[in-house]
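Structure data (compact mmCIF, C-alpha atoms) from query_39.txt:
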```txt
# COMPACT_ATOMS: atom_id res chain seq x y z
CA ILE A 6 69.87 42.34 -5.95
CA PRO A 7 67.85 39.26 -7.12
CA ALA A 8 67.45 38.21 -3.46
CA ILE A 9 65.93 41.58 -2.57
CA LEU A 10 63.87 41.89 -5.78
CA ILE A 11 61.83 38.82 -4.83
CA LEU A 12 60.34 40.74 -1.89
CA ALA A 13 58.76 43.29 -4.28
CA VAL A 14 55.79 41.04 -5.10
CA ILE A 15 55.23 39.47 -1.65
CA PRO A 16 51.80 40.37 -0.16
CA TRP A 17 52.45 41.61 3.39
CA ALA A 18 48.90 42.44 4.47
CA PRO A 19 45.38 42.84 3.04
CA GLY A 20 44.31 46.08 1.37
CA MET A 21 44.46 49.00 3.80
CA THR A 22 44.86 52.76 4.09
CA ILE A 23 47.99 54.15 5.79
CA PHE A 24 48.38 57.92 6.29
CA GLY A 25 45.85 58.60 3.56
CA ALA A 26 47.52 56.24 1.04
CA THR A 27 45.33 53.31 -0.04
CA PHE A 28 46.98 49.99 -0.88
CA GLU A 29 44.79 47.69 -2.98
CA PRO A 30 44.18 44.80 -3.50
CA TYR A 31 46.87 44.05 -0.88
CA PHE A 32 49.88 45.73 0.70
CA ALA A 33 53.04 45.09 -1.35
CA ILE A 34 55.78 47.04 -3.10
CA ALA A 35 54.38 45.90 -6.48
CA PRO A 36 50.79 44.77 -5.81
CA GLY A 37 48.41 43.21 -8.31
CA LEU A 38 51.07 41.73 -10.61
CA ASN A 39 49.25 39.05 -12.61
CA VAL A 40 52.45 37.12 -13.43
CA ALA A 41 54.09 37.42 -9.99
CA VAL A 42 55.02 33.72 -9.93
CA LEU A 43 56.83 34.03 -13.28
CA PHE A 44 58.61 37.11 -11.92
CA ILE A 45 59.82 35.12 -8.91
CA LEU A 46 61.07 32.23 -11.07
CA ALA A 47 62.84 34.63 -13.44
CA VAL A 48 64.55 36.59 -10.67
CA THR A 49 65.69 33.50 -8.75
CA SER A 50 67.19 32.11 -11.97
CA ILE A 51 69.31 35.24 -12.50
CA GLY A 52 71.29 34.51 -9.31
CA VAL A 53 73.17 31.63 -10.95
CA TYR A 54 75.06 34.09 -13.18
CA GLY A 55 76.71 35.70 -10.17
CA ILE A 56 78.00 32.34 -8.96
CA VAL A 57 79.29 31.20 -12.37
CA LEU A 58 80.99 34.52 -13.07
CA ALA A 59 82.48 34.61 -9.56
CA GLY A 60 84.09 31.22 -10.12
CA TRP A 61 85.31 32.03 -13.64
CA ALA A 62 86.69 35.47 -12.69
CA SER A 63 88.78 33.99 -9.85
CA ASN A 64 91.21 32.40 -12.35
CA SER A 65 91.44 29.32 -10.14
CA LYS A 66 90.61 25.77 -11.17
CA TYR A 67 88.94 25.09 -7.81
CA ALA A 68 86.75 28.17 -8.14
CA VAL A 69 85.83 27.38 -11.77
CA LEU A 70 84.85 23.81 -10.82
CA GLY A 71 82.85 25.17 -7.90
CA GLY A 72 81.02 27.61 -10.19
CA ILE A 73 80.21 24.87 -12.72
CA ARG A 74 78.93 22.53 -10.01
CA ALA A 75 76.90 25.35 -8.51
CA SER A 76 75.21 26.09 -11.84
CA ALA A 77 74.44 22.38 -12.39
CA GLN A 78 72.95 22.06 -8.90
CA ARG A 79 70.80 25.19 -9.15
CA VAL A 80 69.51 24.46 -12.65
CA SER A 81 68.59 20.89 -11.61
CA TYR A 82 66.65 21.94 -8.53
CA GLU A 83 65.07 24.96 -10.27
CA LEU A 84 63.32 22.44 -12.53
CA VAL A 85 61.79 20.77 -9.47
CA LEU A 86 61.02 24.20 -7.99
CA GLY A 87 59.23 25.34 -11.15
CA LEU A 88 57.07 22.21 -11.35
CA THR A 89 56.17 22.41 -7.65
CA VAL A 90 55.14 26.07 -8.00
CA LEU A 91 52.45 24.90 -10.45
CA VAL A 92 50.59 23.23 -7.57
CA PRO A 93 49.51 26.44 -5.74
CA ILE A 94 48.84 28.05 -9.15
CA MET A 95 46.46 25.22 -10.06
CA LEU A 96 44.77 25.25 -6.65
CA ALA A 97 44.25 29.04 -6.77
CA ASP A 98 43.73 29.22 -10.56
CA SER A 99 45.94 32.32 -10.66
CA MET A 100 49.58 33.45 -10.79
CA ASN A 101 48.80 36.53 -8.71
CA LEU A 102 50.22 36.04 -5.21
CA GLY A 103 47.28 37.93 -3.69
CA ASP A 104 44.85 35.45 -5.27
CA ILE A 105 46.96 32.52 -4.02
CA VAL A 106 46.79 33.90 -0.46
CA GLU A 107 43.03 34.52 -0.69
CA ALA A 108 42.49 30.98 -2.05
CA GLN A 109 43.85 29.69 1.29
CA LYS A 110 41.06 31.38 3.24
CA GLY A 111 39.43 28.00 3.84
CA GLY A 112 42.67 26.11 4.54
CA TRP A 113 46.38 26.33 3.92
CA PHE A 114 47.76 24.54 0.86
CA ILE A 115 50.30 22.70 3.04
CA PHE A 116 47.38 20.58 4.32
CA LEU A 117 45.90 20.05 0.85
CA GLN A 118 49.29 19.31 -0.76
CA PRO A 119 51.82 18.24 1.90
CA ILE A 120 53.96 16.43 -0.71
CA ALA A 121 54.32 19.59 -2.79
CA ALA A 122 55.14 21.64 0.33
CA VAL A 123 57.91 19.25 1.44
CA VAL A 124 59.40 19.02 -2.07
CA PHE A 125 59.26 22.82 -2.43
CA PHE A 126 61.07 23.30 0.88
CA ILE A 127 63.79 20.80 -0.10
CA ALA A 128 64.18 22.51 -3.49
CA ILE A 129 64.62 25.97 -1.95
CA MET A 130 67.23 24.53 0.43
CA ALA A 131 69.14 23.23 -2.61
CA GLU A 132 68.59 26.56 -4.39
CA LEU A 133 70.12 28.34 -1.39
CA GLN A 134 72.97 25.80 -1.26
CA ARG A 135 72.36 25.33 2.44
CA ALA A 136 73.37 22.16 4.26
CA PRO A 137 72.94 19.31 3.48
CA PHE A 138 73.21 20.68 -0.08
CA ASP A 139 76.24 22.95 0.46
CA LEU A 140 78.58 20.85 -1.68
CA LEU A 141 79.97 23.99 -3.29
CA GLU A 142 81.70 24.93 -0.06
CA ALA A 143 82.77 21.41 0.90
CA GLU A 144 86.32 21.94 2.18
CA GLN A 145 87.37 18.36 1.56
CA GLU A 146 86.49 18.54 -2.16
CA LEU A 147 86.80 22.01 -3.66
CA SER A 148 88.32 24.10 -0.91
CA ALA A 149 85.58 26.75 -0.63
CA GLY A 150 84.15 26.38 -4.14
CA TYR A 151 83.43 29.50 -6.15
CA ILE A 152 84.27 31.80 -3.20
CA VAL A 153 87.73 30.36 -2.52
CA GLU A 154 89.51 33.48 -3.85
CA TYR A 155 87.25 36.01 -2.11
CA ALA A 156 87.85 37.59 1.28
CA GLY A 157 86.66 40.54 3.32
CA MET A 158 83.56 42.34 2.08
CA ARG A 159 83.54 40.44 -1.22
CA PHE A 160 83.15 37.23 0.79
CA GLY A 161 80.59 39.02 2.97
CA MET A 162 78.48 39.99 -0.06
CA PHE A 163 77.99 36.34 -1.04
CA PHE A 164 76.78 35.47 2.44
CA MET A 165 74.63 38.58 2.71
CA ALA A 166 72.94 37.41 -0.50
CA GLU A 167 72.51 33.89 0.89
CA TYR A 168 70.89 35.03 4.11
CA MET A 169 68.78 37.64 2.33
CA LYS A 170 67.57 34.90 0.00
CA MET A 171 66.71 32.74 3.00
CA VAL A 172 64.28 35.46 4.09
CA SER A 173 62.89 35.88 0.55
CA LEU A 174 62.35 32.17 -0.09
CA SER A 175 60.82 31.70 3.38
CA ALA A 176 58.36 34.46 2.45
CA ILE A 177 57.54 32.66 -0.81
CA PHE A 178 57.02 29.38 1.07
CA ALA A 179 54.70 31.20 3.50
CA VAL A 180 52.68 32.68 0.62
CA PHE A 181 52.40 29.43 -1.37
CA PHE A 182 51.72 26.95 1.43
CA LEU A 183 51.18 28.70 4.81
CA GLY A 184 48.42 31.13 3.90
CA GLY A 185 50.64 34.22 3.58
CA TYR A 186 49.33 37.05 5.73
CA ARG A 187 46.11 35.20 6.61
CA GLY A 188 45.35 34.44 10.26
CA PRO A 189 42.81 35.02 13.03
CA PHE A 190 40.99 38.40 12.97
CA ILE A 191 42.78 39.44 9.75
CA ASP A 192 39.54 40.76 8.22
CA GLN A 193 38.84 42.95 11.24
CA VAL A 194 42.45 44.14 11.79
CA PRO A 195 44.36 44.08 8.46
CA ALA A 196 47.59 45.28 10.12
CA LEU A 197 47.88 41.84 11.78
CA GLY A 198 48.92 40.55 8.34
CA PHE A 199 52.43 41.94 8.88
CA LEU A 200 52.75 40.02 12.15
CA TYR A 201 51.42 36.75 10.72
CA ILE A 202 53.66 36.65 7.65
CA ILE A 203 56.74 37.68 9.66
CA LEU A 204 56.06 34.83 12.13
CA LYS A 205 55.73 32.40 9.20
CA ILE A 206 59.01 33.67 7.71
CA ILE A 207 60.71 33.14 11.08
CA PHE A 208 59.30 29.59 11.15
CA GLY A 209 60.82 28.97 7.68
CA LEU A 210 64.21 30.32 8.82
CA PHE A 211 64.04 28.13 11.95
CA MET A 212 63.42 25.05 9.78
CA MET A 213 66.38 25.90 7.52
CA ILE A 214 68.76 26.32 10.46
CA TRP A 215 67.37 23.20 12.16
CA VAL A 216 67.98 21.10 9.02
CA ARG A 217 71.50 22.50 8.72
CA ALA A 218 72.29 21.45 12.28
CA SER A 219 70.68 18.00 11.96
CA LEU A 220 71.59 16.38 8.64
CA PRO A 221 75.01 15.39 7.26
CA ARG A 222 76.23 16.67 3.91
CA LEU A 223 75.52 14.58 0.79
CA ARG A 224 78.07 13.64 -1.83
CA TYR A 225 77.70 15.55 -5.09
CA ASP A 226 76.54 12.48 -7.04
CA GLN A 227 73.97 11.74 -4.31
CA LEU A 228 72.79 15.35 -4.51
CA MET A 229 72.18 15.21 -8.27
CA GLN A 230 70.69 11.72 -8.06
CA PHE A 231 68.26 12.86 -5.36
CA GLY A 232 67.13 15.77 -7.51
CA TRP A 233 66.70 13.95 -10.82
CA LYS A 234 65.73 10.44 -9.73
CA THR A 235 63.69 11.10 -6.58
CA LEU A 236 62.29 14.63 -6.36
CA LEU A 237 61.56 15.13 -10.08
CA PRO A 238 59.45 11.92 -10.51
CA ILE A 239 57.56 12.65 -7.26
CA THR A 240 56.87 16.21 -8.43
CA VAL A 241 55.68 15.14 -11.91
CA LEU A 242 53.40 12.38 -10.55
CA ASN A 243 51.95 14.72 -7.91
CA PHE A 244 51.37 17.41 -10.53
CA ILE A 245 49.61 14.97 -12.90
CA ALA A 246 47.46 13.52 -10.09
CA LEU A 247 46.38 17.00 -8.98
CA GLY A 248 45.54 17.98 -12.56
CA VAL A 249 43.42 14.85 -13.06
CA PHE A 250 41.63 15.46 -9.73
CA ILE A 251 40.83 19.09 -10.62
CA VAL A 252 39.46 18.11 -14.05
CA LEU A 253 37.32 15.30 -12.59
CA ARG A 254 35.97 17.65 -9.93
CA GLU A 255 35.06 20.27 -12.56
CA GLU A 256 33.31 17.57 -14.60
CA GLY A 257 31.20 16.68 -11.55
CA VAL A 258 32.54 13.14 -11.14
CA PHE A 259 32.91 13.56 -7.35
CA GLN A 260 29.54 15.29 -6.84
CA PRO A 261 27.64 12.09 -5.89
CA ILE A 262 30.30 11.36 -3.24
CA PHE A 263 30.05 14.91 -1.83
CA ASP A 264 26.24 14.64 -1.81
CA ALA A 265 26.39 11.30 0.04
CA ILE A 266 28.77 12.75 2.65
CA SER A 267 26.56 15.82 3.15
CA ASN A 268 23.51 13.56 3.58
CA LEU A 269 25.33 11.74 6.37
CA GLY A 270 25.61 15.05 8.21
CA PHE A 271 29.37 15.65 7.81
```

Starting from the file, lay out its structure as structure tokens.
Amino acid sequence: IPAILILAVIPWAPGMTIFGATFEPYFAIAPGLNVAVLFILAVTSIGVYGIVLAGWASNSKYAVLGGIRASAQRVSYELVLGLTVLVPIMLADSMNLGDIVEAQKGGWFIFLQPIAAVVFFIAIMAELQRAPFDLLEAEQELSAGYIVEYAGMRFGMFFMAEYMKMVSLSAIFAVFFLGGYRGPFIDQVPALGFLYIILKIIFGLFMMIWVRASLPRLRYDQLMQFGWKTLLPITVLNFIALGVFIVLREEGVFQPIFDAISNLGF
């Protein structure tokens, strides 16, 4: 349910009229939500309860340990995820996903903030517990982690949730850093927005599967160390640097530089 709920606030296309129904300011299940980013963070955080309860309810030490490690991993990388999400919010000056997409009219945020985009993608891979962060299912350590006691459709539900969340988080990555539904001729033909965002989601899924097939699994201590000692400092420093740059730009510190560049004809 949390995996599907995320899709409620994703902008799929610009405002349009379909069969007499007008969708403004953009086409979404729940458009115009001013705190859409907070909604996404809240819903993604709920998913950890299912994993912890699944491990605890199995009445198996392996499953309980897997559930505890899963919660530690997800909470650690959600901190990085939350700080990285502040970057597109600061660049767009809004938590409305429609405003974030419109702010990328002049250029995608992945080009303005490549560090934030890479860190965000790594964090969602850890949030999904996909390889190389799938320590919870590492057969050599904890059997199959929190799902060791589950079979049949119960096992299938966990993996349906994982793959559904891959689609949802790829959509979020597309909205935050790849311009969402924006693309050529989008203002003339709004329906192209569906095609553009679906292609960007497919690109995100391709990257996730490519990483899974390319990189070896980390040890659990390496996983936690990477999150707390590498990604978190990079995220904080990047966030502070961006904040300082935005304030200096608003104060007009860079205006003489921009004027000099414009005088040179660039």

Close residues, Asn243 (chain A) itself excluded, 9 Å, all atoms listed in the file, min 5 positions apart in chain, as a list of chain:residue names: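 Those residues are A:Thr89, A:Val92, A:Gln118, A:Ile120, A:Ala121, A:Pro238, A:Gly248.
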
Selected residues, C-alpha atoms, written as a PDB file, in the frame of the given file, please.
```pdb
ATOM      1  CA  THR A  89      56.170  22.410  -7.650  1.00  0.00           C
ATOM      2  CA  VAL A  92      50.590  23.230  -7.570  1.00  0.00           C
ATOM      3  CA  GLN A 118      49.290  19.310  -0.760  1.00  0.00           C
ATOM      4  CA  ILE A 120      53.960  16.430  -0.710  1.00  0.00           C
ATOM      5  CA  ALA A 121      54.320  19.590  -2.790  1.00  0.00           C
ATOM      6  CA  PRO A 238      59.450  11.920 -10.510  1.00  0.00           C
ATOM      7  CA  GLY A 248      45.540  17.980 -12.560  1.00  0.00           C
TER       8      GLY A 248
END
```

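With CA of Val153 (chain A) on one side and CA of Trp61 (chain A) on the other, the separation reads 11.5 Å.
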
Which of these residues is nearest to Val57 (chain A), using all atoms listed in the file: A:Ala18, A:Met100, A:Leu12, A:Ile152?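 Closest to Val57 (chain A) of all the choices is A:Ile152.
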
Near region 125-140 of chain A, 12 Å: region 57-117 of chain A residue rows, closest pairs, all atoms listed in the file, as a Markdown table:
```
| residue | atom | partner | partner_atom | distance |
| --- | --- | --- | --- | --- |
| A:Leu70 | CA | A:Leu140 | CA | 11.5 |
| A:Gly71 | CA | A:Leu140 | CA | 8.7 |
| A:Gly72 | CA | A:Leu140 | CA | 11.1 |
| A:Ile73 | CA | A:Leu140 | CA | 11.9 |
| A:Arg74 | CA | A:Leu140 | CA | 8.5 |
| A:Ala75 | CA | A:Gln134 | CA | 8.3 |
| A:Ser76 | CA | A:Glu132 | CA | 10.0 |
| A:Ala77 | CA | A:Glu132 | CA | 10.8 |
| A:Gln78 | CA | A:Ala131 | CA | 7.4 |
| A:Arg79 | CA | A:Glu132 | CA | 5.4 |
| A:Val80 | CA | A:Glu132 | CA | 8.6 |
| A:Ser81 | CA | A:Glu132 | CA | 9.2 |
| A:Tyr82 | CA | A:Ala128 | CA | 5.6 |
| A:Glu83 | CA | A:Glu132 | CA | 7.0 |
| A:Leu84 | CA | A:Ala128 | CA | 9.1 |
| A:Val85 | CA | A:Ala128 | CA | 6.7 |
| A:Leu86 | CA | A:Ala128 | CA | 5.8 |
| A:Gly87 | CA | A:Phe125 | CA | 9.1 |
| A:Leu88 | CA | A:Phe125 | CA | 9.2 |
| A:Thr89 | CA | A:Phe125 | CA | 6.1 |
| A:Val90 | CA | A:Phe125 | CA | 7.7 |
| A:Leu91 | CA | A:Phe125 | CA | 10.7 |
| A:Val92 | CA | A:Phe125 | CA | 10.1 |
| A:Pro93 | CA | A:Phe125 | CA | 10.9 |
| A:Ile115 | CA | A:Phe125 | CA | 10.5 |
```

Give me, please, the distance in Å between CA of Glu29 (chain A) and CA of Gly209 (chain A), quoted to one decimal. 26.9 Å

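Reported to one decimal place, the separation of CA of Gly188 (chain A) from CA of Leu46 (chain A) is 26.6 Å.
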
Between A:Leu58, A:Ile266, A:Ala108, A:Ala122, single out the one closest to Ile94 (chain A), counting all atoms listed in the file. A:Ala108

Mind working out the centre and edge lengths of an axis-aligned box for region 118-135 of chain A, all listed atoms inside, 4 Å added to each side, rounded to one decimal in Å and written as JSON?
```
{"center_x": 61.1, "center_y": 22.4, "center_z": -1.0, "size_x": 31.7, "size_y": 19.9, "size_z": 14.8}
```
